[in-house]
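Asks: What follows is protein-v9.cif; its format and atoms are mmCIF, N, CA and C atoms.
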data_structure
loop_
_atom_site.group_PDB
_atom_site.id
_atom_site.type_symbol
_atom_site.label_atom_id
_atom_site.label_comp_id
_atom_site.auth_asym_id
_atom_site.auth_seq_id
_atom_site.Cartn_x
_atom_site.Cartn_y
_atom_site.Cartn_z
ATOM 1 N N MET A 1 -12.284 -2.738 17.231
ATOM 2 C CA MET A 1 -13.018 -1.792 16.431
ATOM 3 C C MET A 1 -14.513 -2.030 16.641
ATOM 4 N N ASP A 2 -15.245 -0.944 16.705
ATOM 5 C CA ASP A 2 -16.688 -0.991 16.870
ATOM 6 C C ASP A 2 -17.327 -1.710 15.670
ATOM 7 N N PRO A 3 -18.259 -2.633 15.894
ATOM 8 C CA PRO A 3 -18.870 -3.346 14.769
ATOM 9 C C PRO A 3 -19.578 -2.426 13.769
ATOM 10 N N ARG A 4 -20.164 -1.348 14.258
ATOM 11 C CA ARG A 4 -20.837 -0.409 13.349
ATOM 12 C C ARG A 4 -19.829 0.283 12.434
ATOM 13 N N THR A 5 -18.693 0.673 12.984
ATOM 14 C CA THR A 5 -17.648 1.308 12.192
ATOM 15 C C THR A 5 -17.070 0.321 11.176
ATOM 16 N N LYS A 6 -16.832 -0.900 11.622
ATOM 17 C CA LYS A 6 -16.302 -1.921 10.725
ATOM 18 C C LYS A 6 -17.273 -2.186 9.576
ATOM 19 N N SER A 7 -18.550 -2.268 9.887
ATOM 20 C CA SER A 7 -19.557 -2.488 8.858
ATOM 21 C C SER A 7 -19.587 -1.339 7.861
ATOM 22 N N SER A 8 -19.491 -0.116 8.353
ATOM 23 C CA SER A 8 -19.495 1.057 7.472
ATOM 24 C C SER A 8 -18.290 1.051 6.542
ATOM 25 N N LEU A 9 -17.124 0.704 7.072
ATOM 26 C CA LEU A 9 -15.919 0.656 6.244
ATOM 27 C C LEU A 9 -16.000 -0.452 5.198
ATOM 28 N N LEU A 10 -16.591 -1.585 5.569
ATOM 29 C CA LEU A 10 -16.740 -2.671 4.605
ATOM 30 C C LEU A 10 -17.720 -2.294 3.498
ATOM 31 N N TRP A 11 -18.809 -1.605 3.840
ATOM 32 C CA TRP A 11 -19.745 -1.146 2.807
ATOM 33 C C TRP A 11 -19.087 -0.109 1.910
ATOM 34 N N GLY A 12 -18.222 0.708 2.481
ATOM 35 C CA GLY A 12 -17.468 1.657 1.672
ATOM 36 C C GLY A 12 -16.557 0.943 0.693
ATOM 37 N N ALA A 13 -15.932 -0.135 1.139
ATOM 38 C CA ALA A 13 -15.058 -0.912 0.258
ATOM 39 C C ALA A 13 -15.862 -1.575 -0.857
ATOM 40 N N VAL A 14 -17.043 -2.097 -0.527
ATOM 41 C CA VAL A 14 -17.893 -2.718 -1.546
ATOM 42 C C VAL A 14 -18.313 -1.688 -2.586
ATOM 43 N N ALA A 15 -18.714 -0.505 -2.147
ATOM 44 C CA ALA A 15 -19.126 0.542 -3.087
ATOM 45 C C ALA A 15 -17.958 0.978 -3.971
ATOM 46 N N THR A 16 -16.777 1.097 -3.387
ATOM 47 C CA THR A 16 -15.603 1.506 -4.152
ATOM 48 C C THR A 16 -15.234 0.463 -5.199
ATOM 49 N N LEU A 17 -15.244 -0.797 -4.820
ATOM 50 C CA LEU A 17 -14.927 -1.850 -5.787
ATOM 51 C C LEU A 17 -15.983 -1.916 -6.892
ATOM 52 N N SER A 18 -17.240 -1.712 -6.547
ATOM 53 C CA SER A 18 -18.295 -1.686 -7.564
ATOM 54 C C SER A 18 -18.087 -0.533 -8.534
ATOM 55 N N PHE A 19 -17.718 0.617 -8.004
ATOM 56 C CA PHE A 19 -17.439 1.772 -8.853
ATOM 57 C C PHE A 19 -16.276 1.478 -9.796
ATOM 58 N N LEU A 20 -15.223 0.864 -9.289
ATOM 59 C CA LEU A 20 -14.067 0.564 -10.124
ATOM 60 C C LEU A 20 -14.389 -0.477 -11.198
ATOM 61 N N VAL A 21 -15.266 -1.425 -10.894
ATOM 62 C CA VAL A 21 -15.697 -2.400 -11.904
ATOM 63 C C VAL A 21 -16.470 -1.693 -13.003
ATOM 64 N N LEU A 22 -17.365 -0.793 -12.638
ATOM 65 C CA LEU A 22 -18.118 -0.039 -13.647
ATOM 66 C C LEU A 22 -17.195 0.847 -14.482
ATOM 67 N N LEU A 23 -16.203 1.414 -13.858
ATOM 68 C CA LEU A 23 -15.245 2.237 -14.587
ATOM 69 C C LEU A 23 -14.429 1.389 -15.566
ATOM 70 N N GLN A 24 -14.063 0.193 -15.145
ATOM 71 C CA GLN A 24 -13.341 -0.715 -16.036
ATOM 72 C C GLN A 24 -14.211 -1.106 -17.230
ATOM 73 N N ALA A 25 -15.485 -1.353 -16.995
ATOM 74 C CA ALA A 25 -16.398 -1.674 -18.094
ATOM 75 C C ALA A 25 -16.502 -0.495 -19.061
ATOM 76 N N TYR A 26 -16.508 0.706 -18.525
ATOM 77 C CA TYR A 26 -16.536 1.909 -19.360
ATOM 78 C C TYR A 26 -15.318 1.946 -20.280
ATOM 79 N N HIS A 27 -14.166 1.625 -19.741
ATOM 80 C CA HIS A 27 -12.935 1.624 -20.536
ATOM 81 C C HIS A 27 -12.933 0.489 -21.561
ATOM 82 N N LEU A 28 -13.448 -0.669 -21.166
ATOM 83 C CA LEU A 28 -13.457 -1.810 -22.084
ATOM 84 C C LEU A 28 -14.405 -1.606 -23.257
ATOM 85 N N LEU A 29 -15.419 -0.789 -23.076
ATOM 86 C CA LEU A 29 -16.358 -0.536 -24.164
ATOM 87 C C LEU A 29 -15.805 0.436 -25.191
ATOM 88 N N GLY A 30 -14.562 0.855 -25.019
ATOM 89 C CA GLY A 30 -13.899 1.648 -26.028
ATOM 90 C C GLY A 30 -13.946 3.141 -25.808
ATOM 91 N N ASN A 31 -14.358 3.571 -24.648
ATOM 92 C CA ASN A 31 -14.386 5.005 -24.374
ATOM 93 C C ASN A 31 -13.011 5.494 -23.937
ATOM 94 N N ASP A 32 -12.835 6.788 -23.907
ATOM 95 C CA ASP A 32 -11.539 7.382 -23.580
ATOM 96 C C ASP A 32 -11.085 7.017 -22.171
ATOM 97 N N PHE A 33 -9.760 6.894 -22.032
ATOM 98 C CA PHE A 33 -9.162 6.641 -20.723
ATOM 99 C C PHE A 33 -9.181 7.926 -19.918
ATOM 100 N N VAL A 34 -9.719 7.855 -18.729
ATOM 101 C CA VAL A 34 -9.882 9.043 -17.893
ATOM 102 C C VAL A 34 -8.561 9.472 -17.277
ATOM 103 N N GLY A 35 -7.756 8.526 -16.839
ATOM 104 C CA GLY A 35 -6.493 8.818 -16.169
ATOM 105 C C GLY A 35 -6.500 8.248 -14.760
ATOM 106 N N ILE A 36 -5.305 7.958 -14.263
ATOM 107 C CA ILE A 36 -5.179 7.339 -12.951
ATOM 108 C C ILE A 36 -5.574 8.304 -11.829
ATOM 109 N N GLY A 37 -5.138 9.556 -11.926
ATOM 110 C CA GLY A 37 -5.430 10.535 -10.881
ATOM 111 C C GLY A 37 -6.918 10.762 -10.668
ATOM 112 N N PRO A 38 -7.672 11.071 -11.719
ATOM 113 C CA PRO A 38 -9.115 11.251 -11.538
ATOM 114 C C PRO A 38 -9.830 9.987 -11.073
ATOM 115 N N MET A 39 -9.366 8.827 -11.546
ATOM 116 C CA MET A 39 -9.992 7.573 -11.096
ATOM 117 C C MET A 39 -9.749 7.354 -9.603
ATOM 118 N N ALA A 40 -8.529 7.610 -9.151
ATOM 119 C CA ALA A 40 -8.213 7.434 -7.734
ATOM 120 C C ALA A 40 -8.987 8.434 -6.881
ATOM 121 N N ALA A 41 -9.071 9.675 -7.335
ATOM 122 C CA ALA A 41 -9.813 10.685 -6.578
ATOM 123 C C ALA A 41 -11.292 10.332 -6.491
ATOM 124 N N ALA A 42 -11.856 9.860 -7.586
ATOM 125 C CA ALA A 42 -13.267 9.475 -7.569
ATOM 126 C C ALA A 42 -13.493 8.253 -6.684
ATOM 127 N N ALA A 43 -12.569 7.300 -6.716
ATOM 128 C CA ALA A 43 -12.700 6.104 -5.876
ATOM 129 C C ALA A 43 -12.632 6.475 -4.395
ATOM 130 N N VAL A 44 -11.732 7.372 -4.036
ATOM 131 C CA VAL A 44 -11.652 7.827 -2.638
ATOM 132 C C VAL A 44 -12.934 8.557 -2.255
ATOM 133 N N GLY A 45 -13.455 9.370 -3.165
ATOM 134 C CA GLY A 45 -14.705 10.076 -2.895
ATOM 135 C C GLY A 45 -15.867 9.123 -2.693
ATOM 136 N N VAL A 46 -15.941 8.080 -3.518
ATOM 137 C CA VAL A 46 -17.000 7.073 -3.366
ATOM 138 C C VAL A 46 -16.853 6.359 -2.032
ATOM 139 N N PHE A 47 -15.629 6.014 -1.663
ATOM 140 C CA PHE A 47 -15.395 5.324 -0.390
ATOM 141 C C PHE A 47 -15.841 6.184 0.791
ATOM 142 N N VAL A 48 -15.423 7.434 0.807
ATOM 143 C CA VAL A 48 -15.761 8.328 1.919
ATOM 144 C C VAL A 48 -17.268 8.560 1.981
ATOM 145 N N ALA A 49 -17.872 8.867 0.842
ATOM 146 C CA ALA A 49 -19.303 9.161 0.819
ATOM 147 C C ALA A 49 -20.138 7.953 1.238
ATOM 148 N N SER A 50 -19.815 6.786 0.716
ATOM 149 C CA SER A 50 -20.604 5.608 1.055
ATOM 150 C C SER A 50 -20.376 5.165 2.501
ATOM 151 N N SER A 51 -19.151 5.297 2.996
ATOM 152 C CA SER A 51 -18.888 4.941 4.395
ATOM 153 C C SER A 51 -19.628 5.868 5.348
ATOM 154 N N LEU A 52 -19.567 7.162 5.083
ATOM 155 C CA LEU A 52 -20.258 8.112 5.953
ATOM 156 C C LEU A 52 -21.770 7.947 5.877
ATOM 157 N N THR A 53 -22.287 7.724 4.682
ATOM 158 C CA THR A 53 -23.728 7.530 4.531
ATOM 159 C C THR A 53 -24.188 6.273 5.255
ATOM 160 N N THR A 54 -23.453 5.197 5.113
ATOM 161 C CA THR A 54 -23.799 3.954 5.795
ATOM 162 C C THR A 54 -23.733 4.125 7.302
ATOM 163 N N HIS A 55 -22.707 4.794 7.784
ATOM 164 C CA HIS A 55 -22.557 4.998 9.226
ATOM 165 C C HIS A 55 -23.698 5.854 9.766
ATOM 166 N N ARG A 56 -24.109 6.834 8.988
ATOM 167 C CA ARG A 56 -25.167 7.755 9.429
ATOM 168 C C ARG A 56 -26.547 7.102 9.377
ATOM 169 N N LEU A 57 -26.814 6.282 8.359
ATOM 170 C CA LEU A 57 -28.144 5.713 8.182
ATOM 171 C C LEU A 57 -28.354 4.364 8.866
ATOM 172 N N ALA A 58 -27.304 3.731 9.329
ATOM 173 C CA ALA A 58 -27.424 2.401 9.934
ATOM 174 C C ALA A 58 -28.396 2.364 11.111
ATOM 175 N N PRO A 59 -28.375 3.328 12.026
ATOM 176 C CA PRO A 59 -29.318 3.237 13.148
ATOM 177 C C PRO A 59 -30.788 3.331 12.716
ATOM 178 N N GLN A 60 -31.072 4.078 11.651
ATOM 179 C CA GLN A 60 -32.460 4.195 11.213
ATOM 180 C C GLN A 60 -32.921 2.962 10.443
ATOM 181 N N LEU A 61 -32.007 2.287 9.765
ATOM 182 C CA LEU A 61 -32.378 1.138 8.954
ATOM 183 C C LEU A 61 -32.346 -0.173 9.731
ATOM 184 N N ALA A 62 -31.584 -0.255 10.784
ATOM 185 C CA ALA A 62 -31.439 -1.510 11.533
ATOM 186 C C ALA A 62 -32.761 -1.992 12.123
ATOM 187 N N PRO A 63 -33.584 -1.143 12.740
ATOM 188 C CA PRO A 63 -34.842 -1.668 13.285
ATOM 189 C C PRO A 63 -35.756 -2.256 12.202
ATOM 190 N N ARG A 64 -35.748 -1.709 11.020
ATOM 191 C CA ARG A 64 -36.582 -2.250 9.934
ATOM 192 C C ARG A 64 -36.107 -3.632 9.504
ATOM 193 N N ASN A 65 -34.829 -3.865 9.554
ATOM 194 C CA ASN A 65 -34.279 -5.157 9.130
ATOM 195 C C ASN A 65 -34.484 -6.245 10.176
ATOM 196 N N GLU A 66 -34.707 -5.872 11.419
ATOM 197 C CA GLU A 66 -34.804 -6.859 12.490
ATOM 198 C C GLU A 66 -36.230 -7.276 12.805
ATOM 199 N N ARG A 67 -37.201 -6.707 12.134
ATOM 200 C CA ARG A 67 -38.588 -7.112 12.361
ATOM 201 C C ARG A 67 -38.847 -8.467 11.730
ATOM 202 N N PRO A 68 -39.681 -9.276 12.408
ATOM 203 C CA PRO A 68 -39.972 -10.614 11.834
ATOM 204 C C PRO A 68 -40.873 -10.557 10.636
#
Go ahead and render the structure in this file as structure tokens.
Replies:
Amino acid sequence: MDPRTKSSLLWGAVATLSFLVLLQAYHLLGNDFVGIGPMAAAAVGVFVASSLTTHRLAPQLAPRNERP
């Protein structure tokens, strides 16, 4: 697998897990339960959006990160 693709998928996983942690905190604070279906759909949407955004922006951000 291409390292850029692997990196994008891993960032997508990090964003998705962060979203799910925030959603769990929302539920623990006593707010209404949203439901499994909407939570899964939103998590998939976060994964796709963050993976595509990371894949698209990586070439523009990489030179800035490599400067001394």
Asks: In terms of the shortest atom-to-atom distance over only C-alpha atoms, which of A:Val46, A:Leu29, A:Ile36, A:Ala58 is closest to Thr5 in chain A?
Replies: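 Comparing A:Val46, A:Leu29, A:Ile36, A:Ala58 against Thr5 in chain A, the winner is A:Ala58.
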Asks: Counting only C-alpha atoms, figure out which residue out of A:Val34, A:Ala42, A:Leu22, A:Ala49 gets nearest to Leu9 in chain A.
Replies: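 Checking each candidate against Leu9 in chain A, we get A:Ala49 as the closest.
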Asks: Range 8-11 of chain A, all listed atoms, 4 Å padding on each side: what axis-aligned box centre and edge lengths in Å to one decimal come out, as AutoDock Vina command-line options?
Replies:
--center_x -17.8 --center_y -0.8 --center_z 5.1 --size_x 11.8 --size_y 11.7 --size_z 14.4
Asks: At what distance in Å, to one decimal, does atom C of Gly45 in chain A lie from atom N of Pro59 in chain A?
Replies: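 Computing it gives 20.2 Å between the two atoms.
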Asks: Run DSSP on the backbone and tell me which residues of chain A come out as alpha helix (DSSP H); list them as a short mmCIF file (atom, residue, chain, number, x, y, z; two decimals) with N, CA and C atoms, keeping the file's coordinate frame.
Replies:
data_model
loop_
_atom_site.label_atom_id
_atom_site.label_comp_id
_atom_site.auth_asym_id
_atom_site.auth_seq_id
_atom_site.Cartn_x
_atom_site.Cartn_y
_atom_site.Cartn_z
N PRO A 3 -18.26 -2.63 15.89
CA PRO A 3 -18.87 -3.35 14.77
C PRO A 3 -19.58 -2.43 13.77
N ARG A 4 -20.16 -1.35 14.26
CA ARG A 4 -20.84 -0.41 13.35
C ARG A 4 -19.83 0.28 12.43
N THR A 5 -18.69 0.67 12.98
CA THR A 5 -17.65 1.31 12.19
C THR A 5 -17.07 0.32 11.18
N LYS A 6 -16.83 -0.90 11.62
CA LYS A 6 -16.30 -1.92 10.72
C LYS A 6 -17.27 -2.19 9.58
N SER A 7 -18.55 -2.27 9.89
CA SER A 7 -19.56 -2.49 8.86
C SER A 7 -19.59 -1.34 7.86
N SER A 8 -19.49 -0.12 8.35
CA SER A 8 -19.50 1.06 7.47
C SER A 8 -18.29 1.05 6.54
N LEU A 9 -17.12 0.70 7.07
CA LEU A 9 -15.92 0.66 6.24
C LEU A 9 -16.00 -0.45 5.20
N LEU A 10 -16.59 -1.58 5.57
CA LEU A 10 -16.74 -2.67 4.61
C LEU A 10 -17.72 -2.29 3.50
N TRP A 11 -18.81 -1.60 3.84
CA TRP A 11 -19.74 -1.15 2.81
C TRP A 11 -19.09 -0.11 1.91
N GLY A 12 -18.22 0.71 2.48
CA GLY A 12 -17.47 1.66 1.67
C GLY A 12 -16.56 0.94 0.69
N ALA A 13 -15.93 -0.14 1.14
CA ALA A 13 -15.06 -0.91 0.26
C ALA A 13 -15.86 -1.58 -0.86
N VAL A 14 -17.04 -2.10 -0.53
CA VAL A 14 -17.89 -2.72 -1.55
C VAL A 14 -18.31 -1.69 -2.59
N ALA A 15 -18.71 -0.50 -2.15
CA ALA A 15 -19.13 0.54 -3.09
C ALA A 15 -17.96 0.98 -3.97
N THR A 16 -16.78 1.10 -3.39
CA THR A 16 -15.60 1.51 -4.15
C THR A 16 -15.23 0.46 -5.20
N LEU A 17 -15.24 -0.80 -4.82
CA LEU A 17 -14.93 -1.85 -5.79
C LEU A 17 -15.98 -1.92 -6.89
N SER A 18 -17.24 -1.71 -6.55
CA SER A 18 -18.30 -1.69 -7.56
C SER A 18 -18.09 -0.53 -8.53
N PHE A 19 -17.72 0.62 -8.00
CA PHE A 19 -17.44 1.77 -8.85
C PHE A 19 -16.28 1.48 -9.80
N LEU A 20 -15.22 0.86 -9.29
CA LEU A 20 -14.07 0.56 -10.12
C LEU A 20 -14.39 -0.48 -11.20
N VAL A 21 -15.27 -1.42 -10.89
CA VAL A 21 -15.70 -2.40 -11.90
C VAL A 21 -16.47 -1.69 -13.00
N LEU A 22 -17.36 -0.79 -12.64
CA LEU A 22 -18.12 -0.04 -13.65
C LEU A 22 -17.20 0.85 -14.48
N LEU A 23 -16.20 1.41 -13.86
CA LEU A 23 -15.24 2.24 -14.59
C LEU A 23 -14.43 1.39 -15.57
N GLN A 24 -14.06 0.19 -15.14
CA GLN A 24 -13.34 -0.72 -16.04
C GLN A 24 -14.21 -1.11 -17.23
N ALA A 25 -15.48 -1.35 -17.00
CA ALA A 25 -16.40 -1.67 -18.09
C ALA A 25 -16.50 -0.50 -19.06
N TYR A 26 -16.51 0.71 -18.52
CA TYR A 26 -16.54 1.91 -19.36
C TYR A 26 -15.32 1.95 -20.28
N HIS A 27 -14.17 1.62 -19.74
CA HIS A 27 -12.94 1.62 -20.54
C HIS A 27 -12.93 0.49 -21.56
N LEU A 28 -13.45 -0.67 -21.17
CA LEU A 28 -13.46 -1.81 -22.08
C LEU A 28 -14.40 -1.61 -23.26
N ILE A 36 -5.30 7.96 -14.26
CA ILE A 36 -5.18 7.34 -12.95
C ILE A 36 -5.57 8.30 -11.83
N GLY A 37 -5.14 9.56 -11.93
CA GLY A 37 -5.43 10.54 -10.88
C GLY A 37 -6.92 10.76 -10.67
N PRO A 38 -7.67 11.07 -11.72
CA PRO A 38 -9.12 11.25 -11.54
C PRO A 38 -9.83 9.99 -11.07
N MET A 39 -9.37 8.83 -11.55
CA MET A 39 -9.99 7.57 -11.10
C MET A 39 -9.75 7.35 -9.60
N ALA A 40 -8.53 7.61 -9.15
CA ALA A 40 -8.21 7.43 -7.73
C ALA A 40 -8.99 8.43 -6.88
N ALA A 41 -9.07 9.68 -7.34
CA ALA A 41 -9.81 10.68 -6.58
C ALA A 41 -11.29 10.33 -6.49
N ALA A 42 -11.86 9.86 -7.59
CA ALA A 42 -13.27 9.48 -7.57
C ALA A 42 -13.49 8.25 -6.68
N ALA A 43 -12.57 7.30 -6.72
CA ALA A 43 -12.70 6.10 -5.88
C ALA A 43 -12.63 6.48 -4.39
N VAL A 44 -11.73 7.37 -4.04
CA VAL A 44 -11.65 7.83 -2.64
C VAL A 44 -12.93 8.56 -2.26
N GLY A 45 -13.46 9.37 -3.16
CA GLY A 45 -14.70 10.08 -2.90
C GLY A 45 -15.87 9.12 -2.69
N VAL A 46 -15.94 8.08 -3.52
CA VAL A 46 -17.00 7.07 -3.37
C VAL A 46 -16.85 6.36 -2.03
N PHE A 47 -15.63 6.01 -1.66
CA PHE A 47 -15.40 5.32 -0.39
C PHE A 47 -15.84 6.18 0.79
N VAL A 48 -15.42 7.43 0.81
CA VAL A 48 -15.76 8.33 1.92
C VAL A 48 -17.27 8.56 1.98
N ALA A 49 -17.87 8.87 0.84
CA ALA A 49 -19.30 9.16 0.82
C ALA A 49 -20.14 7.95 1.24
N SER A 50 -19.82 6.79 0.72
CA SER A 50 -20.60 5.61 1.06
C SER A 50 -20.38 5.16 2.50
N SER A 51 -19.15 5.30 3.00
CA SER A 51 -18.89 4.94 4.39
C SER A 51 -19.63 5.87 5.35
N LEU A 52 -19.57 7.16 5.08
CA LEU A 52 -20.26 8.11 5.95
C LEU A 52 -21.77 7.95 5.88
N THR A 53 -22.29 7.72 4.68
CA THR A 53 -23.73 7.53 4.53
C THR A 53 -24.19 6.27 5.26
N THR A 54 -23.45 5.20 5.11
CA THR A 54 -23.80 3.95 5.80
C THR A 54 -23.73 4.12 7.30
N HIS A 55 -22.71 4.79 7.78
CA HIS A 55 -22.56 5.00 9.23
C HIS A 55 -23.70 5.85 9.77
N ARG A 56 -24.11 6.83 8.99
CA ARG A 56 -25.17 7.76 9.43
C ARG A 56 -26.55 7.10 9.38
N LEU A 57 -26.81 6.28 8.36
CA LEU A 57 -28.14 5.71 8.18
C LEU A 57 -28.35 4.36 8.87
N ALA A 58 -27.30 3.73 9.33
CA ALA A 58 -27.42 2.40 9.93
C ALA A 58 -28.40 2.36 11.11
N PRO A 59 -28.38 3.33 12.03
CA PRO A 59 -29.32 3.24 13.15
C PRO A 59 -30.79 3.33 12.72
N GLN A 60 -31.07 4.08 11.65
CA GLN A 60 -32.46 4.20 11.21
C GLN A 60 -32.92 2.96 10.44
N LEU A 61 -32.01 2.29 9.76
CA LEU A 61 -32.38 1.14 8.95
C LEU A 61 -32.35 -0.17 9.73
N ALA A 62 -31.58 -0.26 10.78
CA ALA A 62 -31.44 -1.51 11.53
C ALA A 62 -32.76 -1.99 12.12
N PRO A 63 -33.58 -1.14 12.74
CA PRO A 63 -34.84 -1.67 13.28
C PRO A 63 -35.76 -2.26 12.20
N ARG A 64 -35.75 -1.71 11.02
CA ARG A 64 -36.58 -2.25 9.93
C ARG A 64 -36.11 -3.63 9.50
N ASN A 65 -34.83 -3.86 9.55
CA ASN A 65 -34.28 -5.16 9.13
C ASN A 65 -34.48 -6.24 10.18
#
Asks: For the atom pair atom N of Ala13 in chain A and CA of Thr53 in chain A, what is the interatomic distance in Å to one decimal place?
Replies: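 Atom-to-atom, atom N of Ala13 in chain A to CA of Thr53 in chain A, that is 11.4 Å.
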Asks: With only C-alpha atoms as the counted atoms, please give the residues lying no more than 9 Å from Ala15 in chain A, apart from itself and same-chain residues fewer than 3 positions off, as a count of residues only.
Replies: 11
Asks: Can you measure CA of His55 in chain A to CA of Ser8 in chain A for me? One decimal in Å is fine.
Replies: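 Calculated distance between CA of His55 in chain A and CA of Ser8 in chain A is 5.3 Å.
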Asks: Give me, as a ChimeraX atom specification, all polymer residues having an atom no more than 12 Å from Gly35 in chain A, counting only C-alpha atoms and skipping those fewer than 6 positions away in the same chain.
Replies: /A:23-24,27,41-42
